[in-house]
Amino acid sequence: MKEATVDRTEQGGWRLFYEYAAHDASLIGLATAPGVEGPWHHDRQPFVPRSDAGDDFHLSTGPLLTDDKAQPVMFYNGATQDARWRIGWIAFDSEYTRITDRCVEPLIAPPPSPNRMDTDIAFAASVVLQDGRIWLYFSRADRALFRATIRRFSS
């Protein structure tokens, strides 16, 4: 287990998202607890790779945006079998029991590198809410750090 991301739900329970390996792929698991001290119990796989998308093989946890406890959003890392990592997003209900929305296309692909031999990877690192702006920090090939400003649209 690695890459843990933790949140307290609207009703006071705790959720821990983590990365694990299965069938040569990275996947995301979910553990739940009534309090931060536990006991923690493996719950389920909160979402799966999609066969028709750029996250069809690997999934890795990313930062949670939790300013709206009714609909928390995870910026996650997803990849194809040949490890072309991109950043996507997924929204959950307040208790993380169901998915309320998910990106169709990757939110962020790695910016071009001066060295064309660099690894084709963009990984979400952290998210900060500043004066109503969402700043998503991410890396390219684990060598360069970037910040994207994300705008939230409501329907």
# chains A, B, ... in the order shown; residues from 1 in each chain; ligands from 1

call {"tool": "residues_around", "arguments": {"residues": "range 3-15 of chain A", "least_positions_apart": "2", "cutoff": "12 Å", "atoms": "only C-alpha atoms", "output": "PDB file with N, CA, C and O atoms, in the first residue's frame"}}
result
ATOM      1  N   MET A   1       0.850  -1.177   0.000  1.00  0.00           N
ATOM      2  CA  MET A   1       0.000   0.000   0.000  1.00  0.00           C
ATOM      3  C   MET A   1       0.891   1.234   0.000  1.00  0.00           C
ATOM      4  O   MET A   1       1.872   1.304   0.735  1.00  0.00           O
ATOM      5  N   PHE A  17      -7.867   6.477   0.786  1.00  0.00           N
ATOM      6  CA  PHE A  17      -7.626   5.952  -0.554  1.00  0.00           C
ATOM      7  C   PHE A  17      -6.147   5.585  -0.622  1.00  0.00           C
ATOM      8  O   PHE A  17      -5.300   6.317  -0.114  1.00  0.00           O
ATOM      9  N   TYR A  18      -5.834   4.475  -1.261  1.00  0.00           N
ATOM     10  CA  TYR A  18      -4.440   4.039  -1.357  1.00  0.00           C
ATOM     11  C   TYR A  18      -4.220   3.318  -2.681  1.00  0.00           C
ATOM     12  O   TYR A  18      -5.151   2.830  -3.316  1.00  0.00           O
ATOM     13  N   GLU A  19      -2.968   3.271  -3.070  1.00  0.00           N
ATOM     14  CA  GLU A  19      -2.593   2.568  -4.291  1.00  0.00           C
ATOM     15  C   GLU A  19      -2.076   1.183  -3.929  1.00  0.00           C
ATOM     16  O   GLU A  19      -1.376   1.013  -2.935  1.00  0.00           O
ATOM     17  N   TYR A  20      -2.439   0.207  -4.742  1.00  0.00           N
ATOM     18  CA  TYR A  20      -1.928  -1.149  -4.565  1.00  0.00           C
ATOM     19  C   TYR A  20      -1.705  -1.763  -5.947  1.00  0.00           C
ATOM     20  O   TYR A  20      -2.176  -1.226  -6.956  1.00  0.00           O
ATOM     21  N   ALA A  21      -0.999  -2.875  -6.003  1.00  0.00           N
ATOM     22  CA  ALA A  21      -0.710  -3.546  -7.270  1.00  0.00           C
ATOM     23  C   ALA A  21      -1.522  -4.826  -7.391  1.00  0.00           C
ATOM     24  O   ALA A  21      -1.662  -5.576  -6.423  1.00  0.00           O
ATOM     25  N   SER A  26      -1.297  -0.783 -11.334  1.00  0.00           N
ATOM     26  CA  SER A  26      -1.564   0.003 -10.132  1.00  0.00           C
ATOM     27  C   SER A  26      -3.061   0.262 -10.088  1.00  0.00           C
ATOM     28  O   SER A  26      -3.661   0.605 -11.115  1.00  0.00           O
ATOM     29  N   LEU A  27      -3.661   0.099  -8.907  1.00  0.00           N
ATOM     30  CA  LEU A  27      -5.085   0.337  -8.738  1.00  0.00           C
ATOM     31  C   LEU A  27      -5.315   1.098  -7.442  1.00  0.00           C
ATOM     32  O   LEU A  27      -4.407   1.218  -6.617  1.00  0.00           O
ATOM     33  N   ILE A  28      -6.523   1.605  -7.250  1.00  0.00           N
ATOM     34  CA  ILE A  28      -6.867   2.374  -6.055  1.00  0.00           C
ATOM     35  C   ILE A  28      -7.828   1.570  -5.197  1.00  0.00           C
ATOM     36  O   ILE A  28      -8.829   1.050  -5.696  1.00  0.00           O
ATOM     37  N   GLY A  29      -7.516   1.488  -3.905  1.00  0.00           N
ATOM     38  CA  GLY A  29      -8.392   0.846  -2.944  1.00  0.00           C
ATOM     39  C   GLY A  29      -8.925   1.887  -1.975  1.00  0.00           C
ATOM     40  O   GLY A  29      -8.451   3.029  -1.937  1.00  0.00           O
ATOM     41  N   LEU A  30      -9.908   1.489  -1.180  1.00  0.00           N
ATOM     42  CA  LEU A  30     -10.515   2.382  -0.204  1.00  0.00           C
ATOM     43  C   LEU A  30     -10.662   1.645   1.120  1.00  0.00           C
ATOM     44  O   LEU A  30     -11.161   0.516   1.154  1.00  0.00           O
ATOM     45  N   ALA A  31     -10.212   2.268   2.189  1.00  0.00           N
ATOM     46  CA  ALA A  31     -10.420   1.752   3.539  1.00  0.00           C
ATOM     47  C   ALA A  31     -11.262   2.764   4.296  1.00  0.00           C
ATOM     48  O   ALA A  31     -11.175   3.980   4.037  1.00  0.00           O
ATOM     49  N   THR A  32     -12.086   2.283   5.220  1.00  0.00           N
ATOM     50  CA  THR A  32     -12.955   3.158   6.004  1.00  0.00           C
ATOM     51  C   THR A  32     -12.733   2.916   7.487  1.00  0.00           C
ATOM     52  O   THR A  32     -12.312   1.839   7.899  1.00  0.00           O
ATOM     53  N   ALA A  33     -13.025   3.947   8.273  1.00  0.00           N
ATOM     54  CA  ALA A  33     -12.923   3.840   9.731  1.00  0.00           C
ATOM     55  C   ALA A  33     -13.883   4.837  10.362  1.00  0.00           C
ATOM     56  O   ALA A  33     -14.153   5.896   9.785  1.00  0.00           O
ATOM     57  N   PRO A  34     -14.350   4.533  11.570  1.00  0.00           N
ATOM     58  CA  PRO A  34     -15.239   5.471  12.261  1.00  0.00           C
ATOM     59  C   PRO A  34     -14.491   6.678  12.820  1.00  0.00           C
ATOM     60  O   PRO A  34     -15.067   7.739  13.010  1.00  0.00           O
ATOM     61  N   GLY A  35     -13.194   6.525  13.068  1.00  0.00           N
ATOM     62  CA  GLY A  35     -12.351   7.606  13.571  1.00  0.00           C
ATOM     63  C   GLY A  35     -10.965   7.481  12.999  1.00  0.00           C
ATOM     64  O   GLY A  35     -10.591   6.421  12.480  1.00  0.00           O
ATOM     65  N   VAL A  36     -10.180   8.540  13.082  1.00  0.00           N
ATOM     66  CA  VAL A  36      -8.856   8.520  12.479  1.00  0.00           C
ATOM     67  C   VAL A  36      -7.961   7.439  13.099  1.00  0.00           C
ATOM     68  O   VAL A  36      -7.074   6.901  12.442  1.00  0.00           O
ATOM     69  N   GLU A  37      -8.240   7.074  14.368  1.00  0.00           N
ATOM     70  CA  GLU A  37      -7.431   6.045  15.027  1.00  0.00           C
ATOM     71  C   GLU A  37      -7.825   4.635  14.617  1.00  0.00           C
ATOM     72  O   GLU A  37      -7.188   3.665  14.983  1.00  0.00           O
ATOM     73  N   GLY A  38      -8.902   4.505  13.830  1.00  0.00           N
ATOM     74  CA  GLY A  38      -9.336   3.201  13.336  1.00  0.00           C
ATOM     75  C   GLY A  38     -10.397   2.590  14.213  1.00  0.00           C
ATOM     76  O   GLY A  38     -11.015   3.294  15.004  1.00  0.00           O
ATOM     77  N   PRO A  39     -10.621   1.313  14.074  1.00  0.00           N
ATOM     78  CA  PRO A  39      -9.920   0.392  13.176  1.00  0.00           C
ATOM     79  C   PRO A  39     -10.301   0.643  11.711  1.00  0.00           C
ATOM     80  O   PRO A  39     -11.440   0.980  11.396  1.00  0.00           O
ATOM     81  N   TRP A  40      -9.305   0.448  10.840  1.00  0.00           N
ATOM     82  CA  TRP A  40      -9.487   0.635   9.412  1.00  0.00           C
ATOM     83  C   TRP A  40      -9.855  -0.698   8.773  1.00  0.00           C
ATOM     84  O   TRP A  40      -9.289  -1.735   9.117  1.00  0.00           O
ATOM     85  N   HIS A  41     -10.798  -0.664   7.832  1.00  0.00           N
ATOM     86  CA  HIS A  41     -11.234  -1.868   7.124  1.00  0.00           C
ATOM     87  C   HIS A  41     -11.227  -1.605   5.632  1.00  0.00           C
ATOM     88  O   HIS A  41     -11.737  -0.569   5.185  1.00  0.00           O
ATOM     89  N   HIS A  42     -10.655  -2.556   4.892  1.00  0.00           N
ATOM     90  CA  HIS A  42     -10.717  -2.444   3.433  1.00  0.00           C
ATOM     91  C   HIS A  42     -12.186  -2.458   3.033  1.00  0.00           C
ATOM     92  O   HIS A  42     -12.951  -3.306   3.462  1.00  0.00           O
ATOM     93  N   ASP A  43     -12.586  -1.492   2.223  1.00  0.00           N
ATOM     94  CA  ASP A  43     -13.985  -1.371   1.827  1.00  0.00           C
ATOM     95  C   ASP A  43     -14.190  -1.957   0.431  1.00  0.00           C
ATOM     96  O   ASP A  43     -14.850  -2.959   0.264  1.00  0.00           O
ATOM     97  N   ARG A  44     -13.616  -1.317  -0.570  1.00  0.00           N
ATOM     98  CA  ARG A  44     -13.832  -1.722  -1.958  1.00  0.00           C
ATOM     99  C   ARG A  44     -12.900  -0.924  -2.855  1.00  0.00           C
ATOM    100  O   ARG A  44     -12.222  -0.012  -2.403  1.00  0.00           O
ATOM    101  N   PRO A  46     -12.894   1.927  -5.205  1.00  0.00           N
ATOM    102  CA  PRO A  46     -13.862   3.008  -5.418  1.00  0.00           C
ATOM    103  C   PRO A  46     -14.152   3.321  -6.882  1.00  0.00           C
ATOM    104  O   PRO A  46     -15.232   3.808  -7.206  1.00  0.00           O
ATOM    105  N   LEU A  59      -4.254   3.078 -12.230  1.00  0.00           N
ATOM    106  CA  LEU A  59      -4.838   4.184 -11.476  1.00  0.00           C
ATOM    107  C   LEU A  59      -3.969   4.426 -10.252  1.00  0.00           C
ATOM    108  O   LEU A  59      -3.504   3.475  -9.624  1.00  0.00           O
ATOM    109  N   SER A  60      -3.775   5.683  -9.910  1.00  0.00           N
ATOM    110  CA  SER A  60      -2.995   6.044  -8.729  1.00  0.00           C
ATOM    111  C   SER A  60      -3.682   7.217  -8.048  1.00  0.00           C
ATOM    112  O   SER A  60      -4.179   8.123  -8.723  1.00  0.00           O
ATOM    113  N   THR A  61      -3.707   7.191  -6.723  1.00  0.00           N
ATOM    114  CA  THR A  61      -4.377   8.254  -5.976  1.00  0.00           C
ATOM    115  C   THR A  61      -3.732   9.601  -6.215  1.00  0.00           C
ATOM    116  O   THR A  61      -2.555   9.698  -6.556  1.00  0.00           O
ATOM    117  N   GLY A  62      -4.520  10.622  -6.014  1.00  0.00           N
ATOM    118  CA  GLY A  62      -4.037  11.986  -6.096  1.00  0.00           C
ATOM    119  C   GLY A  62      -4.697  12.795  -5.006  1.00  0.00           C
ATOM    120  O   GLY A  62      -5.433  12.264  -4.173  1.00  0.00           O
ATOM    121  N   PRO A  63      -4.469  14.078  -5.005  1.00  0.00           N
ATOM    122  CA  PRO A  63      -5.017  14.932  -3.939  1.00  0.00           C
ATOM    123  C   PRO A  63      -6.527  15.077  -4.026  1.00  0.00           C
ATOM    124  O   PRO A  63      -7.120  15.004  -5.100  1.00  0.00           O
ATOM    125  N   LEU A  64      -7.124  15.289  -2.864  1.00  0.00           N
ATOM    126  CA  LEU A  64      -8.565  15.511  -2.754  1.00  0.00           C
ATOM    127  C   LEU A  64      -8.862  16.997  -2.573  1.00  0.00           C
ATOM    128  O   LEU A  64      -8.210  17.666  -1.777  1.00  0.00           O
ATOM    129  N   LEU A  65      -9.853  17.487  -3.300  1.00  0.00           N
ATOM    130  CA  LEU A  65     -10.382  18.832  -3.109  1.00  0.00           C
ATOM    131  C   LEU A  65     -11.670  18.663  -2.314  1.00  0.00           C
ATOM    132  O   LEU A  65     -12.638  18.080  -2.804  1.00  0.00           O
ATOM    133  N   THR A  66     -11.678  19.133  -1.072  1.00  0.00           N
ATOM    134  CA  THR A  66     -12.788  18.838  -0.161  1.00  0.00           C
ATOM    135  C   THR A  66     -13.480  20.088   0.372  1.00  0.00           C
ATOM    136  O   THR A  66     -14.136  20.034   1.402  1.00  0.00           O
ATOM    137  N   ASP A  67     -13.364  21.203  -0.324  1.00  0.00           N
ATOM    138  CA  ASP A  67     -14.035  22.414   0.149  1.00  0.00           C
ATOM    139  C   ASP A  67     -15.549  22.270   0.078  1.00  0.00           C
ATOM    140  O   ASP A  67     -16.270  22.867   0.860  1.00  0.00           O
ATOM    141  N   ASP A  68     -16.051  21.459  -0.834  1.00  0.00           N
ATOM    142  CA  ASP A  68     -17.478  21.158  -0.918  1.00  0.00           C
ATOM    143  C   ASP A  68     -17.655  19.732  -0.412  1.00  0.00           C
ATOM    144  O   ASP A  68     -17.481  18.769  -1.160  1.00  0.00           O
ATOM    145  N   LYS A  69     -17.965  19.574   0.875  1.00  0.00           N
ATOM    146  CA  LYS A  69     -18.058  18.244   1.474  1.00  0.00           C
ATOM    147  C   LYS A  69     -19.178  17.411   0.862  1.00  0.00           C
ATOM    148  O   LYS A  69     -19.174  16.191   0.960  1.00  0.00           O
ATOM    149  N   ALA A  70     -20.150  18.048   0.215  1.00  0.00           N
ATOM    150  CA  ALA A  70     -21.230  17.310  -0.431  1.00  0.00           C
ATOM    151  C   ALA A  70     -20.756  16.621  -1.709  1.00  0.00           C
ATOM    152  O   ALA A  70     -21.374  15.658  -2.161  1.00  0.00           O
ATOM    153  N   GLN A  71     -19.657  17.129  -2.304  1.00  0.00           N
ATOM    154  CA  GLN A  71     -19.142  16.527  -3.533  1.00  0.00           C
ATOM    155  C   GLN A  71     -17.617  16.689  -3.603  1.00  0.00           C
ATOM    156  O   GLN A  71     -17.100  17.521  -4.334  1.00  0.00           O
ATOM    157  N   PRO A  72     -16.882  15.883  -2.823  1.00  0.00           N
ATOM    158  CA  PRO A  72     -15.426  15.945  -2.893  1.00  0.00           C
ATOM    159  C   PRO A  72     -14.922  15.441  -4.249  1.00  0.00           C
ATOM    160  O   PRO A  72     -15.563  14.593  -4.879  1.00  0.00           O
ATOM    161  N   VAL A  73     -13.792  15.981  -4.672  1.00  0.00           N
ATOM    162  CA  VAL A  73     -13.204  15.639  -5.968  1.00  0.00           C
ATOM    163  C   VAL A  73     -11.781  15.146  -5.747  1.00  0.00           C
ATOM    164  O   VAL A  73     -11.006  15.776  -5.016  1.00  0.00           O
ATOM    165  N   MET A  74     -11.445  14.028  -6.392  1.00  0.00           N
ATOM    166  CA  MET A  74     -10.064  13.548  -6.385  1.00  0.00           C
ATOM    167  C   MET A  74      -9.452  13.806  -7.758  1.00  0.00           C
ATOM    168  O   MET A  74     -10.049  13.480  -8.783  1.00  0.00           O
ATOM    169  N   PHE A  75      -8.277  14.407  -7.764  1.00  0.00           N
ATOM    170  CA  PHE A  75      -7.473  14.503  -8.974  1.00  0.00           C
ATOM    171  C   PHE A  75      -6.575  13.270  -8.944  1.00  0.00           C
ATOM    172  O   PHE A  75      -5.719  13.146  -8.077  1.00  0.00           O
ATOM    173  N   TYR A  76      -6.816  12.344  -9.850  1.00  0.00           N
ATOM    174  CA  TYR A  76      -6.101  11.070  -9.812  1.00  0.00           C
ATOM    175  C   TYR A  76      -5.196  10.923 -11.029  1.00  0.00           C
ATOM    176  O   TYR A  76      -5.309  11.657 -12.006  1.00  0.00           O
ATOM    177  N   ASN A  77      -4.310   9.971 -10.946  1.00  0.00           N
ATOM    178  CA  ASN A  77      -3.392   9.669 -12.038  1.00  0.00           C
ATOM    179  C   ASN A  77      -3.858   8.380 -12.706  1.00  0.00           C
ATOM    180  O   ASN A  77      -4.124   7.389 -12.030  1.00  0.00           O
ATOM    181  N   PHE A  92     -17.266  12.430  -5.955  1.00  0.00           N
ATOM    182  CA  PHE A  92     -18.005  11.456  -5.154  1.00  0.00           C
ATOM    183  C   PHE A  92     -19.127  12.142  -4.382  1.00  0.00           C
ATOM    184  O   PHE A  92     -19.119  13.356  -4.213  1.00  0.00           O
ATOM    185  N   ASP A  93     -20.030  11.332  -3.854  1.00  0.00           N
ATOM    186  CA  ASP A  93     -21.014  11.873  -2.918  1.00  0.00           C
ATOM    187  C   ASP A  93     -20.315  12.127  -1.575  1.00  0.00           C
ATOM    188  O   ASP A  93     -19.137  11.815  -1.416  1.00  0.00           O
ATOM    189  N   SER A  94     -21.028  12.675  -0.637  1.00  0.00           N
ATOM    190  CA  SER A  94     -20.419  13.136   0.622  1.00  0.00           C
ATOM    191  C   SER A  94     -19.788  12.027   1.456  1.00  0.00           C
ATOM    192  O   SER A  94     -18.895  12.291   2.252  1.00  0.00           O
ATOM    193  N   GLU A  95     -20.198  10.784   1.265  1.00  0.00           N
ATOM    194  CA  GLU A  95     -19.644   9.670   2.042  1.00  0.00           C
ATOM    195  C   GLU A  95     -18.742   8.765   1.203  1.00  0.00           C
ATOM    196  O   GLU A  95     -18.331   7.698   1.662  1.00  0.00           O
ATOM    197  N   TYR A  96     -18.460   9.172  -0.028  1.00  0.00           N
ATOM    198  CA  TYR A  96     -17.631   8.392  -0.949  1.00  0.00           C
ATOM    199  C   TYR A  96     -18.239   7.021  -1.245  1.00  0.00           C
ATOM    200  O   TYR A  96     -17.535   6.042  -1.466  1.00  0.00           O
ATOM    201  N   THR A  97     -19.564   6.934  -1.264  1.00  0.00           N
ATOM    202  CA  THR A  97     -20.213   5.664  -1.551  1.00  0.00           C
ATOM    203  C   THR A  97     -20.572   5.504  -3.019  1.00  0.00           C
ATOM    204  O   THR A  97     -20.801   4.399  -3.483  1.00  0.00           O
ATOM    205  N   PHE A 123       1.901  13.673 -13.196  1.00  0.00           N
ATOM    206  CA  PHE A 123       1.404  13.144 -11.928  1.00  0.00           C
ATOM    207  C   PHE A 123       0.909  14.279 -11.045  1.00  0.00           C
ATOM    208  O   PHE A 123       1.646  15.227 -10.791  1.00  0.00           O
ATOM    209  N   ALA A 124      -0.331  14.170 -10.562  1.00  0.00           N
ATOM    210  CA  ALA A 124      -0.878  15.149  -9.622  1.00  0.00           C
ATOM    211  C   ALA A 124      -0.166  15.014  -8.288  1.00  0.00           C
ATOM    212  O   ALA A 124       0.035  13.903  -7.789  1.00  0.00           O
ATOM    213  N   ALA A 125       0.217  16.151  -7.709  1.00  0.00           N
ATOM    214  CA  ALA A 125       0.948  16.135  -6.443  1.00  0.00           C
ATOM    215  C   ALA A 125       0.120  16.683  -5.283  1.00  0.00           C
ATOM    216  O   ALA A 125       0.009  16.050  -4.245  1.00  0.00           O
ATOM    217  N   SER A 126      -0.458  17.864  -5.463  1.00  0.00           N
ATOM    218  CA  SER A 126      -1.243  18.477  -4.390  1.00  0.00           C
ATOM    219  C   SER A 126      -2.207  19.487  -4.983  1.00  0.00           C
ATOM    220  O   SER A 126      -2.059  19.920  -6.123  1.00  0.00           O
ATOM    221  N   VAL A 127      -3.200  19.850  -4.169  1.00  0.00           N
ATOM    222  CA  VAL A 127      -4.183  20.843  -4.604  1.00  0.00           C
ATOM    223  C   VAL A 127      -4.373  21.847  -3.468  1.00  0.00           C
ATOM    224  O   VAL A 127      -4.380  21.483  -2.298  1.00  0.00           O
TER     225      VAL A 127
END

call {"tool": "closest_residue", "arguments": {"among": "A:Gly54, A:Pro49, A:Pro111, A:Pro106", "to": "Trp89 in chain A", "atoms": "only C-alpha atoms"}}
result
A:Pro106

call {"tool": "residues_around", "arguments": {"residues": "Thr80 in chain A", "least_positions_apart": "3", "cutoff": "10 Å", "atoms": "only C-alpha atoms", "output": "list in words"}}
result
Ala25, Pro49, Arg50, Ser51, Ala53, Gly54, Asp55, Asp56, Phe57, His58, Leu59, Ala83, Arg84, Trp85 and Arg86 of chain A

call {"tool": "write_last_selection", "arguments": {"atoms": "all heavy atoms", "output": "compact mmCIF listing (two decimals), in the first residue's frame"}}
result
# COMPACT_ATOMS: atom_id res chain seq x y z
N ALA A 25 -0.79 -4.12 -12.60
CA ALA A 25 -1.30 -2.76 -12.72
C ALA A 25 -1.36 -2.10 -11.35
O ALA A 25 -1.47 -2.77 -10.33
CB ALA A 25 -2.70 -2.77 -13.33
N PRO A 49 -10.32 1.20 -13.82
CA PRO A 49 -9.88 1.68 -15.13
C PRO A 49 -11.01 1.52 -16.15
O PRO A 49 -11.87 0.66 -16.02
CB PRO A 49 -8.72 0.73 -15.47
CG PRO A 49 -8.24 0.22 -14.15
CD PRO A 49 -9.48 0.13 -13.30
N ARG A 50 -10.99 2.40 -17.14
CA ARG A 50 -12.03 2.37 -18.19
C ARG A 50 -11.40 1.91 -19.50
O ARG A 50 -10.40 2.47 -19.93
CB ARG A 50 -12.64 3.75 -18.37
CG ARG A 50 -13.32 4.25 -17.11
CD ARG A 50 -13.80 5.67 -17.28
NE ARG A 50 -12.66 6.58 -17.39
CZ ARG A 50 -12.76 7.89 -17.48
NH1 ARG A 50 -13.94 8.45 -17.50
NH2 ARG A 50 -11.70 8.65 -17.56
N SER A 51 -12.00 0.92 -20.12
CA SER A 51 -11.43 0.33 -21.34
C SER A 51 -11.39 1.30 -22.51
O SER A 51 -10.60 1.13 -23.43
CB SER A 51 -12.21 -0.93 -21.74
OG SER A 51 -13.55 -0.59 -22.01
N ALA A 53 -10.68 4.66 -22.39
CA ALA A 53 -10.12 5.96 -21.99
C ALA A 53 -8.61 5.85 -21.78
O ALA A 53 -8.03 4.78 -21.84
CB ALA A 53 -10.80 6.44 -20.71
N GLY A 54 -8.00 6.99 -21.51
CA GLY A 54 -6.57 7.06 -21.27
C GLY A 54 -6.16 6.53 -19.91
O GLY A 54 -4.98 6.52 -19.57
N ASP A 55 -7.13 6.10 -19.10
CA ASP A 55 -6.83 5.49 -17.80
C ASP A 55 -7.32 4.04 -17.81
O ASP A 55 -7.96 3.57 -16.89
CB ASP A 55 -7.47 6.29 -16.66
CG ASP A 55 -8.96 6.51 -16.82
OD1 ASP A 55 -9.58 5.93 -17.73
OD2 ASP A 55 -9.52 7.28 -16.02
N ASP A 56 -6.98 3.32 -18.90
CA ASP A 56 -7.53 1.98 -19.10
C ASP A 56 -6.75 0.86 -18.41
O ASP A 56 -7.15 -0.29 -18.48
CB ASP A 56 -7.68 1.68 -20.60
CG ASP A 56 -6.34 1.61 -21.34
OD1 ASP A 56 -5.29 1.83 -20.72
OD2 ASP A 56 -6.38 1.34 -22.56
N PHE A 57 -5.65 1.18 -17.73
CA PHE A 57 -4.86 0.11 -17.11
C PHE A 57 -4.43 0.43 -15.68
O PHE A 57 -4.66 -0.35 -14.78
CB PHE A 57 -3.64 -0.19 -17.97
CG PHE A 57 -2.97 -1.49 -17.62
CD1 PHE A 57 -3.54 -2.69 -17.99
CD2 PHE A 57 -1.77 -1.51 -16.92
CE1 PHE A 57 -2.93 -3.90 -17.66
CE2 PHE A 57 -1.16 -2.70 -16.59
CZ PHE A 57 -1.74 -3.91 -16.97
N HIS A 58 -3.80 1.58 -15.49
CA HIS A 58 -3.29 1.97 -14.17
C HIS A 58 -4.13 3.09 -13.56
O HIS A 58 -4.60 3.97 -14.28
CB HIS A 58 -1.85 2.52 -14.27
CG HIS A 58 -0.84 1.55 -14.75
ND1 HIS A 58 -0.38 0.51 -13.99
CD2 HIS A 58 -0.17 1.48 -15.93
CE1 HIS A 58 0.54 -0.16 -14.66
NE2 HIS A 58 0.67 0.41 -15.84
N LEU A 59 -4.25 3.08 -12.23
CA LEU A 59 -4.84 4.18 -11.48
C LEU A 59 -3.97 4.43 -10.25
O LEU A 59 -3.50 3.47 -9.62
CB LEU A 59 -6.26 3.86 -11.01
CG LEU A 59 -7.31 3.67 -12.09
CD1 LEU A 59 -8.62 3.20 -11.46
CD2 LEU A 59 -7.53 4.95 -12.87
N ALA A 83 2.11 2.86 -19.91
CA ALA A 83 2.48 3.84 -18.87
C ALA A 83 2.53 5.28 -19.37
O ALA A 83 3.42 6.05 -19.02
CB ALA A 83 3.80 3.46 -18.22
N ARG A 84 1.56 5.69 -20.14
CA ARG A 84 1.39 7.10 -20.51
C ARG A 84 0.43 7.70 -19.49
O ARG A 84 -0.79 7.58 -19.64
CB ARG A 84 0.88 7.24 -21.94
CG ARG A 84 1.87 6.73 -22.95
CD ARG A 84 1.37 6.93 -24.37
NE ARG A 84 2.26 6.33 -25.31
CZ ARG A 84 3.38 6.90 -25.77
NH1 ARG A 84 3.71 8.09 -25.34
NH2 ARG A 84 4.13 6.29 -26.63
N TRP A 85 1.00 8.30 -18.46
CA TRP A 85 0.23 8.80 -17.32
C TRP A 85 -0.34 10.18 -17.60
O TRP A 85 0.36 11.06 -18.09
CB TRP A 85 1.11 8.86 -16.07
CG TRP A 85 1.43 7.51 -15.52
CD1 TRP A 85 2.50 6.72 -15.84
CD2 TRP A 85 0.68 6.78 -14.54
NE1 TRP A 85 2.46 5.56 -15.13
CE2 TRP A 85 1.36 5.57 -14.32
CE3 TRP A 85 -0.49 7.05 -13.84
CZ2 TRP A 85 0.89 4.62 -13.42
CZ3 TRP A 85 -0.95 6.11 -12.94
CH2 TRP A 85 -0.27 4.91 -12.73
N ARG A 86 -1.62 10.35 -17.23
CA ARG A 86 -2.32 11.61 -17.35
C ARG A 86 -3.07 11.87 -16.04
O ARG A 86 -3.28 10.97 -15.25
CB ARG A 86 -3.36 11.57 -18.50
CG ARG A 86 -2.78 11.16 -19.85
CD ARG A 86 -1.82 12.21 -20.38
NE ARG A 86 -1.34 11.93 -21.71
CZ ARG A 86 -0.13 11.45 -21.98
NH1 ARG A 86 0.70 11.16 -21.01
NH2 ARG A 86 0.26 11.28 -23.23

call {"tool": "closest_residue", "arguments": {"among": "A:Met117, A:Ile90, A:Val48, A:Leu107", "to": "Arg151 in chain A", "atoms": "only C-alpha atoms"}}
result
A:Leu107

call {"tool": "closest_residue", "arguments": {"among": "A:Ile108, A:Asp52, A:Asp101, A:Phe153", "to": "Phe138 in chain A", "atoms": "only C-alpha atoms"}}
result
A:Ile108

call {"tool": "select_by_dssp", "arguments": {"residues": "range 93-126 of chain A", "states": "strand (DSSP E or B)", "output": "list of chain:residue names"}}
result
A:Ile99, A:Thr100, A:Asp101, A:Arg102, A:Ile108, A:Ile121, A:Ala122, A:Phe123, A:Ala124, A:Ala125, A:Ser126

call {"tool": "atom_distance", "arguments": {"atom1": "CA of Pro110 in chain A", "atom2": "CA of Ala122 in chain A"}}
result
4.7 Å
